[in-house]
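Text of the file target35.csv, holding CSV, C-alpha atoms:
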```
chain,number,residue,atom,x,y,z
D,579,MET,CA,-69.2,40.3,-5.9
D,580,GLY,CA,-68.1,39.8,-2.3
D,581,GLN,CA,-67.5,36.2,-3.0
D,582,GLY,CA,-65.3,37.0,-5.9
D,583,VAL,CA,-63.3,39.4,-3.8
D,584,GLY,CA,-63.0,36.8,-1.0
D,585,MET,CA,-61.7,34.2,-3.5
D,586,LYS,CA,-59.3,36.8,-4.9
D,587,ASN,CA,-58.0,37.6,-1.4
D,588,GLN,CA,-57.6,33.9,-0.6
D,589,GLY,CA,-55.6,33.5,-3.8
D,590,LEU,CA,-53.4,36.4,-2.8
D,591,ILE,CA,-52.9,34.9,0.6
D,592,ALA,CA,-52.1,31.6,-0.9
D,593,HIS,CA,-49.5,33.2,-3.2
D,594,ALA,CA,-48.1,35.1,-0.3
D,595,VAL,CA,-47.7,32.0,1.8
D,596,LEU,CA,-46.1,30.1,-1.2
D,597,LEU,CA,-43.7,33.0,-1.7
D,598,PHE,CA,-42.8,33.1,2.0
D,599,TYR,CA,-42.2,29.3,1.9
D,600,ILE,CA,-39.9,29.6,-1.2
D,601,ILE,CA,-37.9,32.4,0.5
D,602,SER,CA,-37.5,30.5,3.7
D,603,GLU,CA,-36.5,27.4,1.8
D,604,ARG,CA,-33.9,29.4,-0.2
D,605,ALA,CA,-32.5,30.9,3.0
D,606,GLU,CA,-32.0,27.6,4.7
D,607,LEU,CA,-30.3,26.1,1.6
D,608,LEU,CA,-28.0,29.2,1.4
D,609,SER,CA,-27.2,28.6,5.1
D,610,THR,CA,-26.3,25.0,4.3
D,611,GLU,CA,-24.1,26.0,1.4
D,612,ARG,CA,-22.4,28.7,3.5
D,613,THR,CA,-21.7,26.1,6.3
D,614,MET,CA,-20.1,23.8,3.8
D,615,ASN,CA,-18.0,26.5,2.4
D,616,GLU,CA,-16.9,27.4,5.9
D,617,GLY,CA,-15.9,23.8,6.5
D,618,LYS,CA,-13.8,23.7,3.4
D,619,ARG,CA,-12.1,26.9,4.3
D,620,PHE,CA,-11.4,25.5,7.8
D,621,PHE,CA,-9.5,22.5,6.4
D,622,ARG,CA,-7.8,24.6,3.7
D,623,GLU,CA,-6.4,27.1,6.3
D,624,ARG,CA,-5.7,24.5,9.0
D,625,ASN,CA,-2.2,23.8,7.7
D,626,THR,CA,-1.3,27.5,8.0
D,627,GLY,CA,-2.1,27.6,11.7
D,628,LYS,CA,-5.3,29.6,11.4
D,629,SER,CA,-8.2,28.3,13.4
D,630,TYR,CA,-10.9,31.0,13.3
D,631,LEU,CA,-13.8,28.4,13.7
D,632,GLN,CA,-14.3,25.4,15.7
D,633,LEU,CA,-14.9,22.1,13.9
D,634,PRO,CA,-18.1,21.2,15.8
D,635,ASN,CA,-19.7,24.4,14.5
D,636,LEU,CA,-18.9,23.5,10.9
D,637,LEU,CA,-20.5,20.1,10.9
D,638,PRO,CA,-24.1,20.3,11.7
D,639,ILE,CA,-26.7,18.0,10.3
D,640,LEU,CA,-29.3,20.2,8.6
D,641,HIS,CA,-32.8,19.1,7.8
D,642,VAL,CA,-34.8,21.1,5.3
D,643,SER,CA,-38.4,19.9,5.3
D,644,GLY,CA,-41.2,21.0,3.0
D,645,THR,CA,-44.3,19.8,1.2
D,646,THR,CA,-42.1,17.7,-1.1
D,647,GLY,CA,-40.4,16.0,1.8
D,648,ILE,CA,-36.9,17.0,0.6
D,649,THR,CA,-34.2,16.4,3.2
D,650,ALA,CA,-30.7,17.9,2.7
D,651,GLU,CA,-28.1,16.4,5.0
D,652,MET,CA,-24.6,17.7,5.1
D,653,ASN,CA,-22.4,14.7,4.9
D,654,LEU,CA,-19.3,14.7,7.0
D,655,THR,CA,-16.9,14.4,4.1
D,656,LEU,CA,-15.2,17.7,4.3
D,657,VAL,CA,-11.8,16.0,4.5
D,658,THR,CA,-10.1,16.8,1.2
D,659,GLU,CA,-6.5,16.3,2.3
D,660,PHE,CA,-4.6,14.4,4.9
D,661,PHE,CA,-1.7,15.5,7.1
D,662,LEU,CA,1.0,12.9,7.8
D,663,ILE,CA,2.3,13.6,11.2
D,664,ALA,CA,4.5,10.6,12.0
D,665,PHE,CA,7.7,11.5,13.9
D,666,THR,CA,6.6,15.1,14.2
D,667,GLU,CA,6.6,14.8,18.0
D,668,TYR,CA,10.4,14.3,17.9
D,669,PRO,CA,11.7,17.2,15.7
D,670,GLU,CA,15.3,16.4,16.8
D,671,TRP,CA,15.0,13.1,14.9
D,672,ALA,CA,14.1,14.7,11.6
D,673,LEU,CA,17.7,15.2,10.2
D,674,PRO,CA,19.1,11.9,11.3
D,675,LEU,CA,16.1,10.0,10.0
D,676,PHE,CA,16.2,11.9,6.7
D,677,HIS,CA,19.7,10.9,6.1
D,678,LEU,CA,19.1,7.3,7.2
D,679,PHE,CA,16.0,6.9,4.9
D,680,LEU,CA,17.8,8.5,2.0
D,681,PHE,CA,20.7,6.2,2.4
D,682,MET,CA,18.5,3.1,2.5
D,683,TYR,CA,16.5,4.3,-0.5
D,684,LEU,CA,19.7,4.9,-2.6
D,685,ILE,CA,21.0,1.4,-1.6
D,686,THR,CA,17.7,-0.1,-2.5
D,687,LEU,CA,17.8,1.5,-6.0
D,688,LEU,CA,21.4,0.6,-6.6
D,689,GLY,CA,21.1,-3.0,-5.3
D,690,ASN,CA,17.9,-3.9,-7.1
D,691,LEU,CA,18.8,-2.2,-10.4
D,692,GLY,CA,22.2,-3.9,-10.2
D,693,MET,CA,20.5,-7.3,-9.7
D,694,ILE,CA,18.2,-6.7,-12.7
D,695,ILE,CA,21.1,-5.7,-15.0
D,696,LEU,CA,23.2,-8.6,-13.8
D,697,ILE,CA,20.4,-11.1,-14.6
D,698,ARG,CA,19.8,-9.6,-18.0
D,699,MET,CA,23.5,-9.5,-19.0
D,700,ASP,CA,24.6,-13.0,-17.8
D,701,ARG,CA,23.2,-15.8,-19.9
D,702,TRP,CA,23.8,-18.3,-17.0
D,703,LEU,CA,21.2,-16.5,-15.0
D,704,HIS,CA,18.5,-16.8,-17.7
D,705,THR,CA,16.7,-19.4,-15.6
D,706,PRO,CA,13.1,-19.4,-14.2
D,707,MET,CA,14.3,-18.6,-10.7
D,708,TYR,CA,16.3,-15.6,-11.7
D,709,PHE,CA,13.6,-14.5,-14.1
D,710,LEU,CA,11.2,-14.3,-11.1
D,711,LEU,CA,14.0,-12.7,-9.0
D,712,SER,CA,14.4,-9.9,-11.6
D,713,HIS,CA,10.7,-9.1,-11.3
D,714,LEU,CA,10.9,-9.2,-7.5
D,715,SER,CA,13.7,-6.7,-7.6
D,716,PHE,CA,11.7,-4.5,-9.9
D,717,MET,CA,8.7,-4.7,-7.5
D,718,ASP,CA,11.1,-3.8,-4.6
D,719,ILE,CA,12.1,-0.6,-6.4
D,720,CYS,CA,8.5,0.3,-7.1
D,721,TYR,CA,7.3,-0.7,-3.6
D,722,SER,CA,9.9,1.4,-1.9
D,723,SER,CA,9.5,4.4,-4.3
D,724,VAL,CA,5.8,4.7,-3.4
D,725,THR,CA,6.5,5.4,0.3
D,726,VAL,CA,10.1,6.5,0.9
D,727,PRO,CA,10.2,9.8,-1.1
D,728,GLN,CA,7.1,10.9,0.8
D,729,MET,CA,8.7,9.9,4.1
D,730,LEU,CA,11.7,12.2,3.2
D,731,ALA,CA,9.4,15.1,2.3
D,732,MET,CA,7.5,14.6,5.6
D,733,LEU,CA,10.7,14.7,7.6
D,734,GLU,CA,12.0,17.8,5.8
D,735,HIS,CA,8.9,20.1,5.8
D,736,GLY,CA,5.9,17.9,6.7
D,737,ALA,CA,3.6,16.1,4.3
D,738,VAL,CA,0.2,17.1,3.1
D,739,SER,CA,-1.5,14.6,0.9
D,740,SER,CA,-4.6,15.4,-1.1
D,741,TYR,CA,-7.5,12.9,-1.1
D,742,THR,CA,-6.6,11.8,-4.7
D,743,CYS,CA,-2.9,11.4,-3.9
D,744,CYS,CA,-3.6,9.4,-0.8
D,745,ALA,CA,-5.9,7.1,-2.8
D,746,ALA,CA,-3.3,6.7,-5.5
D,747,GLN,CA,-0.5,6.0,-3.0
D,748,PHE,CA,-2.7,3.4,-1.3
D,749,PHE,CA,-3.5,1.8,-4.6
D,750,LEU,CA,0.1,1.6,-5.8
D,751,PHE,CA,1.3,0.4,-2.4
D,752,THR,CA,-1.3,-2.4,-2.3
D,753,PHE,CA,-0.7,-3.2,-6.0
D,754,PHE,CA,3.1,-3.6,-5.6
D,755,GLY,CA,2.8,-5.3,-2.2
D,756,SER,CA,0.3,-7.9,-3.6
D,757,ILE,CA,2.6,-8.7,-6.6
D,758,ASN,CA,5.5,-9.1,-4.1
D,759,CYS,CA,3.5,-11.7,-2.2
D,760,TYR,CA,2.5,-13.6,-5.4
D,761,LEU,CA,6.1,-13.5,-6.7
D,762,LEU,CA,7.4,-15.0,-3.5
D,763,ALA,CA,4.8,-17.7,-3.8
D,764,LEU,CA,5.8,-18.4,-7.4
D,765,MET,CA,9.5,-18.7,-6.3
D,766,ALA,CA,8.5,-21.2,-3.7
D,767,TYR,CA,6.6,-23.2,-6.4
D,768,ASP,CA,9.7,-23.0,-8.6
D,769,ARG,CA,11.9,-24.4,-5.8
D,770,TYR,CA,9.4,-27.2,-5.4
D,771,LEU,CA,9.6,-28.2,-9.0
D,772,ALA,CA,13.4,-27.9,-9.0
D,773,VAL,CA,13.8,-30.2,-6.0
D,774,CYS,CA,10.8,-32.6,-6.2
D,775,GLN,CA,10.4,-32.8,-10.0
D,776,PRO,CA,13.9,-32.2,-11.4
D,777,LEU,CA,13.3,-34.3,-14.6
D,778,LEU,CA,10.1,-32.4,-15.4
D,779,TYR,CA,11.4,-28.9,-14.3
D,780,VAL,CA,12.6,-27.8,-17.8
D,781,THR,CA,9.4,-29.0,-19.5
D,782,ILE,CA,7.1,-27.4,-16.9
D,783,MET,CA,8.8,-24.0,-16.4
D,784,THR,CA,9.1,-23.0,-20.0
D,785,GLN,CA,9.5,-19.4,-21.0
D,786,GLN,CA,5.8,-19.3,-21.9
D,787,ALA,CA,4.9,-20.8,-18.5
D,788,ARG,CA,6.9,-18.3,-16.5
D,789,LEU,CA,5.6,-15.4,-18.5
D,790,SER,CA,2.0,-16.6,-17.9
D,791,LEU,CA,2.7,-17.0,-14.2
D,792,VAL,CA,4.2,-13.5,-13.8
D,793,ALA,CA,1.4,-12.0,-15.9
D,794,GLY,CA,-1.1,-13.7,-13.7
D,795,ALA,CA,0.6,-12.2,-10.6
D,796,TYR,CA,0.4,-8.7,-12.1
D,797,VAL,CA,-3.3,-9.1,-13.0
D,798,ALA,CA,-4.3,-10.6,-9.6
D,799,GLY,CA,-2.4,-7.8,-7.9
D,800,LEU,CA,-4.1,-5.1,-10.0
D,801,PHE,CA,-7.6,-6.5,-9.4
D,802,SER,CA,-7.0,-6.9,-5.6
D,803,ALA,CA,-5.5,-3.4,-5.3
D,804,LEU,CA,-8.4,-1.9,-7.3
D,805,VAL,CA,-11.1,-3.5,-5.3
D,806,ARG,CA,-9.5,-2.7,-1.9
D,807,THR,CA,-8.8,0.9,-2.9
D,808,VAL,CA,-12.4,1.5,-4.2
D,809,SER,CA,-13.8,-0.1,-1.0
D,810,ALA,CA,-11.5,2.0,1.3
D,811,PHE,CA,-12.1,5.3,-0.4
D,812,THR,CA,-15.9,5.1,-0.7
D,813,LEU,CA,-15.9,5.5,3.0
D,814,SER,CA,-16.8,8.9,4.5
D,815,PHE,CA,-13.9,10.6,6.4
D,816,CYS,CA,-14.7,13.1,9.1
D,817,GLY,CA,-13.2,14.6,12.2
D,818,ALA,CA,-9.5,15.1,12.3
D,819,ASN,CA,-7.7,14.5,9.0
D,820,GLU,CA,-4.3,13.7,10.6
D,821,ILE,CA,-2.7,10.4,9.9
D,822,ASP,CA,-0.1,9.4,12.5
D,823,PHE,CA,1.7,7.2,10.1
D,824,ILE,CA,4.4,7.4,7.4
D,825,PHE,CA,2.0,6.9,4.5
D,826,CYS,CA,-1.6,6.4,3.6
D,827,ASP,CA,-2.1,2.9,4.9
D,828,LEU,CA,-5.4,1.1,5.6
D,829,PRO,CA,-5.5,0.9,9.4
D,830,PRO,CA,-4.9,4.7,10.0
D,831,LEU,CA,-7.4,5.5,7.3
D,832,LEU,CA,-10.1,3.3,8.9
D,833,LYS,CA,-9.7,5.2,12.1
D,834,LEU,CA,-10.8,8.4,10.3
D,835,ALA,CA,-13.8,6.7,8.8
D,836,CYS,CA,-17.3,7.7,10.0
D,837,GLY,CA,-20.7,6.1,9.4
D,838,GLU,CA,-21.3,2.6,8.3
D,839,SER,CA,-18.2,0.8,7.1
D,840,TYR,CA,-18.9,-2.9,7.7
D,841,THR,CA,-19.5,-3.8,4.1
D,842,GLN,CA,-16.3,-2.1,2.9
D,843,GLU,CA,-14.3,-3.7,5.6
D,844,VAL,CA,-15.6,-7.1,4.8
D,845,VAL,CA,-14.7,-6.7,1.1
D,846,ILE,CA,-11.2,-5.4,2.1
D,847,VAL,CA,-10.6,-8.4,4.4
D,848,VAL,CA,-11.9,-10.9,1.8
D,849,PHE,CA,-9.6,-9.7,-0.9
D,850,ALA,CA,-6.7,-9.5,1.5
D,851,ILE,CA,-7.2,-13.2,2.1
D,852,PHE,CA,-6.5,-13.9,-1.5
D,853,VAL,CA,-3.1,-12.2,-1.2
D,854,ILE,CA,-1.3,-12.9,2.1
D,855,PRO,CA,-2.9,-16.2,3.4
D,856,ALA,CA,-3.2,-17.7,-0.1
D,857,SER,CA,0.4,-16.9,-0.9
D,858,MET,CA,1.5,-18.3,2.5
D,859,VAL,CA,-0.4,-21.5,1.8
D,860,VAL,CA,1.4,-22.0,-1.5
D,861,ILE,CA,4.8,-21.3,0.2
D,862,LEU,CA,4.1,-23.7,3.1
D,863,VAL,CA,2.8,-26.5,1.0
D,864,SER,CA,5.8,-26.2,-1.4
D,865,TYR,CA,8.3,-26.3,1.4
D,866,LEU,CA,6.6,-29.1,3.0
D,867,PHE,CA,7.2,-31.2,-0.1
D,868,ILE,CA,10.7,-29.9,-0.3
D,869,VAL,CA,11.5,-30.9,3.3
D,870,VAL,CA,10.1,-34.4,2.7
D,871,ALA,CA,12.2,-34.7,-0.5
D,872,ILE,CA,15.4,-33.5,1.3
D,873,VAL,CA,14.9,-35.9,4.2
D,874,ARG,CA,14.6,-38.8,1.8
D,875,MET,CA,18.0,-38.0,0.1
D,876,PRO,CA,20.7,-40.6,0.9
D,877,SER,CA,23.7,-38.4,1.7
D,878,ALA,CA,24.2,-35.5,4.0
D,879,GLY,CA,26.0,-33.6,1.3
D,880,SER,CA,23.1,-33.8,-1.1
D,881,ARG,CA,20.7,-32.6,1.6
D,882,ALA,CA,22.9,-29.7,2.6
D,883,LYS,CA,23.4,-28.6,-1.1
D,884,THR,CA,19.7,-28.8,-1.9
D,885,PHE,CA,18.7,-27.0,1.3
D,886,SER,CA,21.2,-24.2,0.6
D,887,THR,CA,19.4,-23.4,-2.7
D,888,CYS,CA,16.3,-22.5,-0.6
D,889,THR,CA,17.8,-20.6,2.3
D,890,SER,CA,17.9,-17.2,0.5
D,891,HIS,CA,14.2,-17.5,-0.5
D,892,LEU,CA,13.2,-18.7,3.0
D,893,THR,CA,15.0,-15.7,4.5
D,894,ALA,CA,13.2,-13.2,2.2
D,895,VAL,CA,9.9,-14.9,2.9
D,896,SER,CA,10.3,-14.8,6.6
D,897,LEU,CA,11.2,-11.1,6.7
D,898,PHE,CA,8.5,-10.0,4.3
D,899,PHE,CA,5.6,-12.0,5.6
D,900,GLY,CA,6.7,-11.8,9.2
D,901,THR,CA,6.4,-8.0,9.2
D,902,LEU,CA,3.2,-8.0,7.2
D,903,ILE,CA,1.5,-10.4,9.6
D,904,PHE,CA,2.7,-8.3,12.6
D,905,MET,CA,1.4,-5.1,11.0
D,906,ASN,CA,-2.0,-6.8,10.4
D,907,LEU,CA,-2.2,-8.1,14.0
D,908,ARG,CA,-0.6,-5.1,15.7
D,909,GLY,CA,-4.0,-3.7,16.8
D,910,ASN,CA,-4.6,-6.9,18.9
D,911,LEU,CA,-1.0,-6.7,20.3
D,912,GLY,CA,-1.5,-3.3,21.8
D,913,GLN,CA,1.7,-1.9,20.4
D,914,SER,CA,2.5,1.8,20.5
D,915,LEU,CA,2.4,4.0,17.5
D,916,GLU,CA,6.2,4.4,17.6
D,917,LYS,CA,6.7,0.6,17.3
D,918,ASN,CA,4.1,0.4,14.5
D,919,GLN,CA,6.0,3.1,12.6
D,920,VAL,CA,9.3,1.3,13.1
D,921,VAL,CA,7.8,-1.9,11.7
D,922,SER,CA,6.3,-0.1,8.8
D,923,VAL,CA,9.8,1.4,8.0
D,924,LEU,CA,11.1,-2.2,8.1
D,925,TYR,CA,8.8,-3.6,5.4
D,926,THR,CA,8.8,-0.5,3.2
D,927,GLY,CA,12.4,0.5,3.3
D,928,VAL,CA,14.7,-2.1,5.0
D,929,ILE,CA,13.4,-5.3,3.3
D,930,PRO,CA,13.6,-4.0,-0.3
D,931,MET,CA,17.2,-2.9,0.6
D,932,LEU,CA,18.1,-6.3,2.0
D,933,ASN,CA,16.8,-8.5,-0.8
D,934,PRO,CA,19.7,-8.1,-3.2
D,935,PRO,CA,22.3,-9.1,-0.5
D,936,ILE,CA,20.1,-12.0,0.6
D,937,TYR,CA,20.0,-13.5,-2.8
D,938,SER,CA,23.6,-12.8,-3.7
D,939,LEU,CA,25.8,-13.3,-0.7
D,940,ARG,CA,25.3,-17.1,-0.5
D,941,ASN,CA,24.7,-17.6,-4.2
D,942,LYS,CA,27.7,-18.7,-6.3
D,943,GLU,CA,26.1,-18.1,-9.6
D,944,VAL,CA,25.3,-14.4,-8.7
D,945,LYS,CA,28.8,-14.0,-7.3
D,946,GLU,CA,30.4,-15.4,-10.5
D,947,ALA,CA,28.2,-13.2,-12.7
D,948,PHE,CA,29.2,-10.1,-10.7
D,949,ARG,CA,32.9,-11.0,-11.0
D,950,LYS,CA,32.5,-11.3,-14.8
D,951,PHE,CA,30.7,-7.9,-14.9
D,952,LEU,CA,33.6,-6.3,-12.9
D,953,ASN,CA,36.1,-7.8,-15.3
D,954,ARG,CA,34.2,-6.4,-18.3
D,955,VAL,CA,34.2,-3.0,-16.7
D,956,LYS,CA,38.0,-3.1,-16.1
D,957,LEU,CA,38.7,-4.2,-19.6
D,958,SER,CA,36.5,-1.4,-21.1
```

Take the structure I supplied and represent it as structure tokens, if you would.
Amino acid sequence: MGQGVGMKNQGLIAHAVLLFYIISERAELLSTERTMNEGKRFFRERNTGKSYLQLPNLLPILHVSGTTGITAEMNLTLVTEFFLIAFTEYPEWALPLFHLFLFMYLITLLGNLGMIILIRMDRWLHTPMYFLLSHLSFMDICYSSVTVPQMLAMLEHGAVSSYTCCAAQFFLFTFFGSINCYLLALMAYDRYLAVCQPLLYVTIMTQQARLSLVAGAYVAGLFSALVRTVSAFTLSFCGANEIDFIFCDLPPLLKLACGESYTQEVVIVVFAIFVIPASMVVILVSYLFIVVAIVRMPSAGSRAKTFSTCTSHLTAVSLFFGTLIFMNLRGNLGQSLEKNQVVSVLYTGVIPMLNPPIYSLRNKEVKEAFRKFLNRVKLS
């Protein structure tokens, strides 16, 4: 009888211990959940100026141990939105910069749309070179539209970008920028065929061929942007969620990353090699053959005329790739943030605005097409 009572007491004690363990486990899990909610509330109310809790108190690493060996670790991924704070240290610049960026954006839209319409309307511009140029103008519109409107909003009342919007902006910016690189490389290849293979130019650059080349540029740009975006936004972001830049670009995002990011950075760099360096190789090799062909021409007039057909493209290539290379190397150059932001404005706002004048001011065919267009407008 006593043995039965003892066993019963042991059973009750075992049940009591088990119940205490469950309650303690539940309490710690509730504490973890409460801490995460506090962290989310901290970042949500941060933009309103409320700072009732300190960040270090919100980000503990909690370990809940038990007989099952369960470990619950609070990941430092409470960043659900990003604050773009470029130029906020100089509020007196806000209004002048707003008008300047708005003017550049309107000129970009007007110039590139005008170039596209002009190429579509004039049958003398229905050539492979102008076909590629029309797509380049379209990319310049998209490329600029991804960043400049947000810059205007940032200067007017500050910019808060959600995690999803920041990822979408990075994807679109990378997508359009990659296609821009590929189109400039295709234009260099087109110039090579026109100068070095004039008799085969028409048979090689058929309508089907140019459509295939442009489609390949779009697909390659899409794949590169998708891989780089997924690699960048699978990182964990912790600490301050402020981006001292004009849009969600890769270098400032990597500064916010915490934890192991070596694999993602390797993937990003590898796929970046297939965009900028690969495009530059195509451009450099094409122009190497062009220079050799020009040098072999018998008369100075022929050399000058042939070279003049390439100057516009060379100017656009120098501006676009020069600024991209500088932005990629700026960390090693030790430039200040203000200089980095100026350069980023150059390749997101200024270059898309300058491309239409670059390709039209020294181009007789575009000037003639524009004159015909003005005559049609006057007659109508």

Practice problem: Could you tell me how far atom CA of Asp700 of chain D lies from atom CA of Phe951 of chain D, in Å and to one decimal? | Solution: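 Computing it gives 8.5 Å between the two atoms.
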
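Minimum distance to Leu710 of chain D across D:Tyr767, D:Phe665, D:Tyr683, D:Phe751 (counting all atoms listed in the file) occurs at D:Tyr767.
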
Quiz item: What gap, in Å, lies between atom CA of Tyr721 of chain D and atom CA of Thr841 of chain D?
Solution: 28.1 Å

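The shortest atom-to-atom distance to Val921 of chain D, with all atoms listed in the file taken into account, belongs to D:Phe904 out of D:Phe904, D:Phe825, D:Trp671, D:Phe753.
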
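A straight line drawn from atom CA of Tyr925 of chain D to atom CA of Leu800 of chain D is 20.1 Å long.
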
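If you measure from each of D:Val928, D:Leu939, D:Val844, D:Leu791 to Val726 of chain D using only C-alpha atoms, the closest one turns out to be D:Val928.
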